[in-house]
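Student: File follows, run_26.csv with CSV, C-alpha atoms:
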```
chain,number,residue,atom,x,y,z
A,1286,GLY,CA,38.5,-64.8,-12.7
A,1287,GLY,CA,41.6,-64.2,-10.6
A,1288,LEU,CA,43.6,-61.1,-9.6
A,1289,ILE,CA,45.0,-58.8,-12.2
A,1290,LEU,CA,47.7,-56.4,-11.0
A,1291,GLU,CA,49.1,-53.6,-13.2
A,1292,LEU,CA,52.8,-52.8,-12.7
A,1293,ALA,CA,54.3,-49.4,-13.5
A,1294,GLU,CA,57.9,-50.8,-13.8
A,1295,GLN,CA,59.4,-53.4,-16.1
A,1296,ASP,CA,61.5,-56.4,-15.0
A,1297,GLY,CA,63.7,-55.7,-12.0
A,1298,ALA,CA,61.2,-53.5,-10.3
A,1299,LYS,CA,61.3,-53.6,-6.5
A,1300,VAL,CA,58.4,-55.4,-4.7
A,1301,SER,CA,57.6,-52.3,-2.7
A,1302,LYS,CA,57.2,-50.2,-5.9
A,1303,GLU,CA,55.1,-52.9,-7.5
A,1304,LEU,CA,52.7,-53.0,-4.6
A,1305,GLU,CA,52.5,-49.3,-4.4
A,1306,ASP,CA,51.2,-49.4,-8.0
A,1307,VAL,CA,48.7,-52.0,-7.0
A,1308,ALA,CA,47.4,-49.9,-4.2
A,1309,SER,CA,46.9,-46.9,-6.5
A,1310,ALA,CA,45.2,-48.9,-9.2
A,1311,LEU,CA,41.5,-49.0,-10.0
A,1312,MET,CA,39.6,-52.1,-8.9
A,1313,MET,CA,37.1,-53.4,-11.4
A,1314,GLY,CA,34.7,-56.2,-10.5
A,1315,GLY,CA,36.7,-57.1,-7.3
A,1316,GLU,CA,39.3,-58.9,-9.4
A,1317,GLU,CA,40.9,-56.7,-11.9
A,1318,PHE,CA,43.2,-53.6,-11.5
A,1319,GLU,CA,43.8,-51.0,-14.1
A,1320,ASN,CA,46.2,-48.1,-13.7
A,1321,PRO,CA,45.6,-45.3,-16.3
A,1322,ALA,CA,49.3,-44.5,-16.4
A,1323,THR,CA,50.3,-47.9,-17.6
A,1324,GLY,CA,49.2,-50.5,-20.0
A,1325,GLU,CA,50.8,-53.6,-18.5
A,1326,LYS,CA,48.9,-56.2,-16.5
A,1327,ARG,CA,50.0,-59.2,-14.5
A,1328,THR,CA,47.3,-61.8,-13.8
A,1329,TYR,CA,47.2,-64.1,-10.8
A,1330,THR,CA,44.7,-67.0,-10.7
A,1331,HIS,CA,44.3,-70.0,-8.4
A,1332,SER,CA,46.5,-72.7,-9.8
A,1333,GLY,CA,47.7,-74.7,-6.8
A,1334,GLY,CA,49.7,-74.2,-3.6
A,1335,GLN,CA,51.8,-71.2,-4.5
A,1336,SER,CA,49.1,-69.1,-6.0
A,1337,ILE,CA,46.2,-66.9,-5.0
A,1338,THR,CA,43.9,-69.0,-2.8
A,1339,GLY,CA,40.7,-68.2,-4.8
A,1340,ASP,CA,39.6,-66.3,-7.8
A,1341,ILE,CA,36.7,-64.4,-6.2
A,1342,VAL,CA,38.4,-61.4,-4.6
A,1343,VAL,CA,36.2,-59.2,-2.4
A,1344,SER,CA,38.6,-57.1,-0.3
A,1345,LEU,CA,42.1,-55.7,-0.6
A,1346,LEU,CA,44.5,-53.9,1.7
A,1347,GLN,CA,48.1,-52.7,1.2
A,1348,ALA,CA,49.7,-52.7,4.6
A,1349,SER,CA,52.3,-50.2,5.8
A,1350,ASP,CA,55.1,-52.7,5.1
A,1351,GLY,CA,54.1,-52.9,1.4
A,1352,LYS,CA,52.5,-56.3,1.6
A,1353,LEU,CA,49.1,-56.9,-0.1
A,1354,TRP,CA,46.3,-58.6,1.9
A,1355,ILE,CA,43.6,-60.3,-0.2
A,1356,GLY,CA,40.3,-61.3,1.1
A,1357,THR,CA,38.2,-63.9,-0.9
A,1358,TYR,CA,34.8,-65.3,-1.0
A,1359,ARG,CA,34.8,-68.8,0.5
A,1360,ASP,CA,38.6,-69.3,0.1
A,1361,GLY,CA,40.0,-67.3,3.0
A,1362,LEU,CA,42.8,-64.7,3.2
A,1363,ASP,CA,46.1,-64.3,1.4
A,1364,CYS,CA,49.2,-62.2,2.1
A,1365,PHE,CA,51.2,-61.4,-1.0
A,1366,ASP,CA,54.8,-60.0,-0.7
A,1367,GLY,CA,55.2,-59.5,-4.5
A,1368,THR,CA,56.6,-63.0,-4.9
A,1369,ASN,CA,54.9,-65.5,-2.6
A,1370,PHE,CA,51.4,-66.0,-1.3
A,1371,LYS,CA,50.8,-66.9,2.4
A,1372,HIS,CA,47.4,-68.5,3.0
A,1373,TYR,CA,45.2,-68.2,6.0
A,1374,ARG,CA,42.1,-70.5,6.1
A,1375,TYR,CA,39.5,-71.5,8.6
A,1376,GLN,CA,40.6,-74.6,10.6
A,1377,PRO,CA,37.7,-76.1,12.6
A,1378,ASN,CA,39.9,-77.6,15.4
A,1379,ASN,CA,42.3,-74.7,15.6
A,1380,PRO,CA,41.2,-71.7,17.7
A,1381,ASN,CA,44.1,-69.7,16.4
A,1382,SER,CA,43.0,-69.7,12.8
A,1383,LEU,CA,40.9,-67.6,10.4
A,1384,ALA,CA,37.4,-67.7,11.8
A,1385,ASN,CA,35.6,-67.8,8.4
A,1386,ASN,CA,36.7,-68.1,4.8
A,1387,ASN,CA,34.5,-65.3,3.7
A,1388,VAL,CA,36.8,-62.2,4.2
A,1389,TRP,CA,34.7,-59.2,3.4
A,1390,SER,CA,36.8,-56.3,4.7
A,1391,LEU,CA,40.3,-55.5,5.8
A,1392,ALA,CA,42.0,-52.7,7.7
A,1393,GLU,CA,45.3,-52.0,9.4
A,1394,ASP,CA,45.8,-50.2,12.7
A,1395,ALA,CA,48.7,-48.0,13.9
A,1396,ASP,CA,50.5,-51.0,15.3
A,1397,GLY,CA,50.5,-52.9,12.0
A,1398,ASN,CA,47.8,-55.4,13.1
A,1399,ILE,CA,45.5,-56.6,10.3
A,1400,TRP,CA,41.8,-56.4,11.1
A,1401,ILE,CA,39.5,-58.8,9.3
A,1402,GLY,CA,35.8,-58.5,8.8
A,1403,THR,CA,34.2,-61.8,8.1
A,1404,LEU,CA,30.7,-62.6,6.7
A,1405,GLY,CA,29.4,-64.8,9.5
A,1406,SER,CA,32.0,-65.1,12.2
A,1407,GLY,CA,32.6,-61.5,13.4
A,1408,LEU,CA,35.7,-59.5,13.6
A,1409,GLN,CA,39.3,-60.7,13.9
A,1410,CYS,CA,42.7,-59.1,14.7
A,1411,LEU,CA,45.8,-60.7,13.2
A,1412,ASP,CA,49.3,-59.9,14.5
A,1413,PRO,CA,51.4,-60.6,11.4
A,1414,LYS,CA,54.6,-60.8,13.5
A,1415,THR,CA,53.2,-63.7,15.7
A,1416,ASN,CA,50.4,-65.0,13.4
A,1417,ARG,CA,48.1,-64.8,16.4
A,1418,PHE,CA,44.4,-64.2,15.8
A,1419,THR,CA,42.1,-62.5,18.3
A,1420,THR,CA,38.4,-63.0,17.6
A,1421,TYR,CA,35.5,-60.7,18.6
A,1422,ASN,CA,32.0,-61.9,17.9
A,1423,THR,CA,28.4,-61.8,19.3
A,1424,LYS,CA,29.2,-64.6,21.8
A,1425,ASN,CA,32.3,-63.1,23.5
A,1426,SER,CA,31.8,-59.4,23.1
A,1427,SER,CA,29.1,-56.7,22.7
A,1428,LEU,CA,29.5,-56.7,18.9
A,1429,HIS,CA,25.9,-56.6,17.5
A,1430,SER,CA,26.4,-58.8,14.4
A,1431,ASP,CA,28.8,-61.4,13.1
A,1432,TYR,CA,28.2,-60.3,9.5
A,1433,ILE,CA,30.7,-57.6,8.8
A,1434,ALA,CA,30.3,-55.6,5.6
A,1435,SER,CA,33.1,-53.0,6.0
A,1436,ILE,CA,35.7,-51.9,8.5
A,1437,CYS,CA,38.1,-49.0,8.8
A,1438,TYR,CA,40.7,-47.8,11.3
A,1439,SER,CA,40.2,-44.3,12.8
A,1440,LYS,CA,43.1,-42.2,13.8
A,1441,LYS,CA,41.3,-41.8,17.1
A,1442,GLY,CA,42.2,-45.4,18.0
A,1443,VAL,CA,38.8,-46.8,17.0
A,1444,ILE,CA,37.9,-49.6,14.7
A,1445,VAL,CA,34.7,-48.7,12.9
A,1446,VAL,CA,32.7,-51.8,12.0
A,1447,GLY,CA,29.8,-51.6,9.5
A,1448,THR,CA,27.5,-54.6,9.8
A,1449,ALA,CA,25.2,-56.1,7.2
A,1450,SER,CA,22.1,-55.7,9.3
A,1451,GLU,CA,22.8,-54.3,12.7
A,1452,GLY,CA,24.2,-50.8,12.1
A,1453,VAL,CA,27.7,-49.7,13.1
A,1454,SER,CA,29.9,-50.8,16.1
A,1455,LEU,CA,32.8,-48.6,17.3
A,1456,MET,CA,35.5,-50.6,19.0
A,1457,ASP,CA,37.8,-48.8,21.4
A,1458,LEU,CA,41.2,-50.4,21.0
A,1459,LYS,CA,42.4,-49.3,24.4
A,1460,ASN,CA,39.8,-51.3,26.4
A,1461,GLU,CA,38.4,-53.5,23.6
A,1462,THR,CA,34.8,-52.5,24.2
A,1463,PHE,CA,32.1,-51.8,21.6
A,1464,HIS,CA,29.7,-48.9,21.3
A,1465,ASN,CA,26.8,-49.7,18.9
A,1466,LEU,CA,25.0,-47.3,16.7
A,1467,GLN,CA,21.7,-48.4,15.2
A,1468,HIS,CA,18.7,-47.1,13.3
A,1469,GLU,CA,15.8,-46.0,15.4
A,1470,ALA,CA,12.3,-46.2,14.0
A,1471,MET,CA,11.0,-43.6,16.5
A,1472,GLY,CA,12.7,-40.5,17.8
A,1473,SER,CA,16.1,-39.3,16.5
A,1474,ALA,CA,17.6,-41.9,14.2
A,1475,MET,CA,21.4,-42.4,14.4
A,1476,LEU,CA,21.5,-44.2,11.0
A,1477,SER,CA,19.2,-44.0,8.0
A,1478,ASN,CA,19.4,-47.8,7.8
A,1479,GLN,CA,21.0,-50.7,9.7
A,1480,ASN,CA,22.2,-52.3,6.5
A,1481,VAL,CA,25.7,-50.8,6.2
A,1482,ASN,CA,27.6,-51.1,2.9
A,1483,HIS,CA,30.7,-49.1,3.7
A,1484,VAL,CA,32.5,-47.1,6.4
A,1485,TYR,CA,35.3,-44.6,5.7
A,1486,GLU,CA,37.4,-42.0,7.6
A,1487,ASP,CA,38.4,-38.9,5.6
A,1488,ALA,CA,41.4,-36.7,6.0
A,1489,ARG,CA,39.6,-34.5,8.6
A,1490,GLY,CA,38.8,-37.5,10.8
A,1491,SER,CA,35.1,-37.5,9.9
A,1492,ILE,CA,33.5,-41.0,9.6
A,1493,TRP,CA,31.3,-41.6,6.6
A,1494,ILE,CA,28.7,-44.4,6.6
A,1495,ALA,CA,27.0,-45.6,3.5
A,1496,THR,CA,23.8,-47.5,4.1
A,1497,ARG,CA,21.1,-49.1,2.0
A,1498,ASP,CA,19.2,-45.7,2.3
A,1499,GLY,CA,22.2,-43.5,1.7
```
Please re-express this file's structure in structure tokens.
Tutor:
Amino acid sequence: GGLILELAEQDGAKVSKELEDVASALMMGGEEFENPATGEKRTYTHSGGQSITGDIVVSLLQASDGKLWIGTYRDGLDCFDGTNFKHYRYQPNNPNSLANNNVWSLAEDADGNIWIGTLGSGLQCLDPKTNRFTTYNTKNSSLHSDYIASICYSKKGVIVVGTASEGVSLMDLKNETFHNLQHEAMGSAMLSNQNVNHVYEDARGSIWIATRDG
């Protein structure tokens, strides 16, 4: 278990370069990274306070500032600057905390905010500068499901949210409203299946949606 990062430089490499190599690496099994251009590996496992928060890694994001965000199963969220880990975990009595320790998907918007898709507690936006969380769920918004499988930021200023059972929600960042797309059994279907595995925006701005049925 744990996180294995391959580095393309030897001792003395800059943190930004190290994390660039991480971002270009190949993820295997959610925990290991292999860069075909190198043979070195650096392994990070949970071993106390100043280490990765958990060994089951399910989502990764390299932010524009070079930092690596790590989502885990049951153990919350980490931010790694190449030297230190900063931990974010669910705190029941703190409304300004991670909403759920199952962090299934991560994305960054144009303002550098980190968007967090949780498995059971909806969507969150974290401002890394202030450490302020904003939560969107089925109770306080028109988001159709709190079980988020995948998210991506569209250049059109929209957060595309793929849910585990209720299709896709499109969040307009200007007015913070959701438009929901779902599978329809009769008539013209928007989606082939409401169980969404992955959402992605390509270089042309087209949104690709992978569902259980393709």
Student: Could you produce a table of the residues of stretch 1342-1429 of chain A lying within 12 Å of stretch 1477-1494 of chain A, with the nearest pair of atoms per residue and their separation in Å rounded to one decimal, using all atoms listed in the file, ordered by chain and increasing residue number, as a Markdown table?
Tutor:
```
| residue | atom | partner | partner_atom | distance |
| --- | --- | --- | --- | --- |
| A:Ser1344 | CA | A:His1483 | CA | 11.9 |
| A:Trp1389 | CA | A:Asn1482 | CA | 10.8 |
| A:Ser1390 | CA | A:His1483 | CA | 9.5 |
| A:Leu1391 | CA | A:Val1484 | CA | 11.5 |
| A:Ala1392 | CA | A:Tyr1485 | CA | 10.7 |
| A:Gly1402 | CA | A:His1483 | CA | 11.8 |
| A:His1429 | CA | A:Gln1479 | CA | 10.9 |
```
Student: Restricting the calculation to only C-alpha atoms, which member of A:Thr1415, A:Thr1420, A:Ser1349, A:Ser1332 is positioned closest to A:Ala1384?
Tutor: A:Thr1420
Student: When you draw a straight line from atom CA of A:Gln1347 to atom CA of A:Asp1360, how long is it in Å?
Tutor: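 Those two atoms sit 19.2 Å apart.
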Student: In Å, with one decimal, what is the gap from atom CA of A:Gly1367 to atom CA of A:Leu1353?
Tutor: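 Separating atom CA of A:Gly1367 from atom CA of A:Leu1353 is a distance of 8.0 Å.
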Student: If we count all atoms listed in the file and set the cut-off at 10 Å, which residues sit around A:Val1453, ignoring sequence neighbours fewer than 6 positions away in its own chain? Please answer as a PDB file with C-alpha atoms, in the coordinates of the input.
Tutor:
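And here is the file that came out, part.pdb:
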```pdb
ATOM      1  CA  LEU A1428      29.500 -56.700  18.900  1.00  0.00           C
ATOM      2  CA  HIS A1429      25.900 -56.600  17.500  1.00  0.00           C
ATOM      3  CA  SER A1430      26.400 -58.800  14.400  1.00  0.00           C
ATOM      4  CA  ILE A1433      30.700 -57.600   8.800  1.00  0.00           C
ATOM      5  CA  ALA A1434      30.300 -55.600   5.600  1.00  0.00           C
ATOM      6  CA  SER A1435      33.100 -53.000   6.000  1.00  0.00           C
ATOM      7  CA  ILE A1436      35.700 -51.900   8.500  1.00  0.00           C
ATOM      8  CA  VAL A1445      34.700 -48.700  12.900  1.00  0.00           C
ATOM      9  CA  VAL A1446      32.700 -51.800  12.000  1.00  0.00           C
ATOM     10  CA  GLY A1447      29.800 -51.600   9.500  1.00  0.00           C
ATOM     11  CA  PHE A1463      32.100 -51.800  21.600  1.00  0.00           C
ATOM     12  CA  HIS A1464      29.700 -48.900  21.300  1.00  0.00           C
ATOM     13  CA  ASN A1465      26.800 -49.700  18.900  1.00  0.00           C
ATOM     14  CA  LEU A1466      25.000 -47.300  16.700  1.00  0.00           C
ATOM     15  CA  GLN A1467      21.700 -48.400  15.200  1.00  0.00           C
ATOM     16  CA  HIS A1468      18.700 -47.100  13.300  1.00  0.00           C
ATOM     17  CA  MET A1475      21.400 -42.400  14.400  1.00  0.00           C
ATOM     18  CA  LEU A1476      21.500 -44.200  11.000  1.00  0.00           C
ATOM     19  CA  GLN A1479      21.000 -50.700   9.700  1.00  0.00           C
ATOM     20  CA  ASN A1480      22.200 -52.300   6.500  1.00  0.00           C
ATOM     21  CA  VAL A1481      25.700 -50.800   6.200  1.00  0.00           C
ATOM     22  CA  HIS A1483      30.700 -49.100   3.700  1.00  0.00           C
ATOM     23  CA  VAL A1484      32.500 -47.100   6.400  1.00  0.00           C
ATOM     24  CA  ILE A1494      28.700 -44.400   6.600  1.00  0.00           C
TER      25      ILE A1494
END
```
Student: Go through A:Asn1379, A:Thr1328, A:Thr1403, A:Thr1368 and flag the residue nearest A:Val1343, using all atoms listed in the file for the distances.
Tutor: A:Thr1403
Student: Compute the distance from (48.8, -65.7, -8.3) to each atom, counting only C-alpha atoms, keep the residues with any atom at most 9 Å away, and return them as a VMD selection string; use the coordinates of the file.
Tutor: chain A and resid 1287 to 1289 1328 to 1332 1335 to 1338 1365 1368 to 1370
Student: What gap, in Å, lies between atom CA of A:Ile1341 and atom CA of A:Tyr1432?
Tutor: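 Separation of atom CA of A:Ile1341 and atom CA of A:Tyr1432: 18.3 Å.
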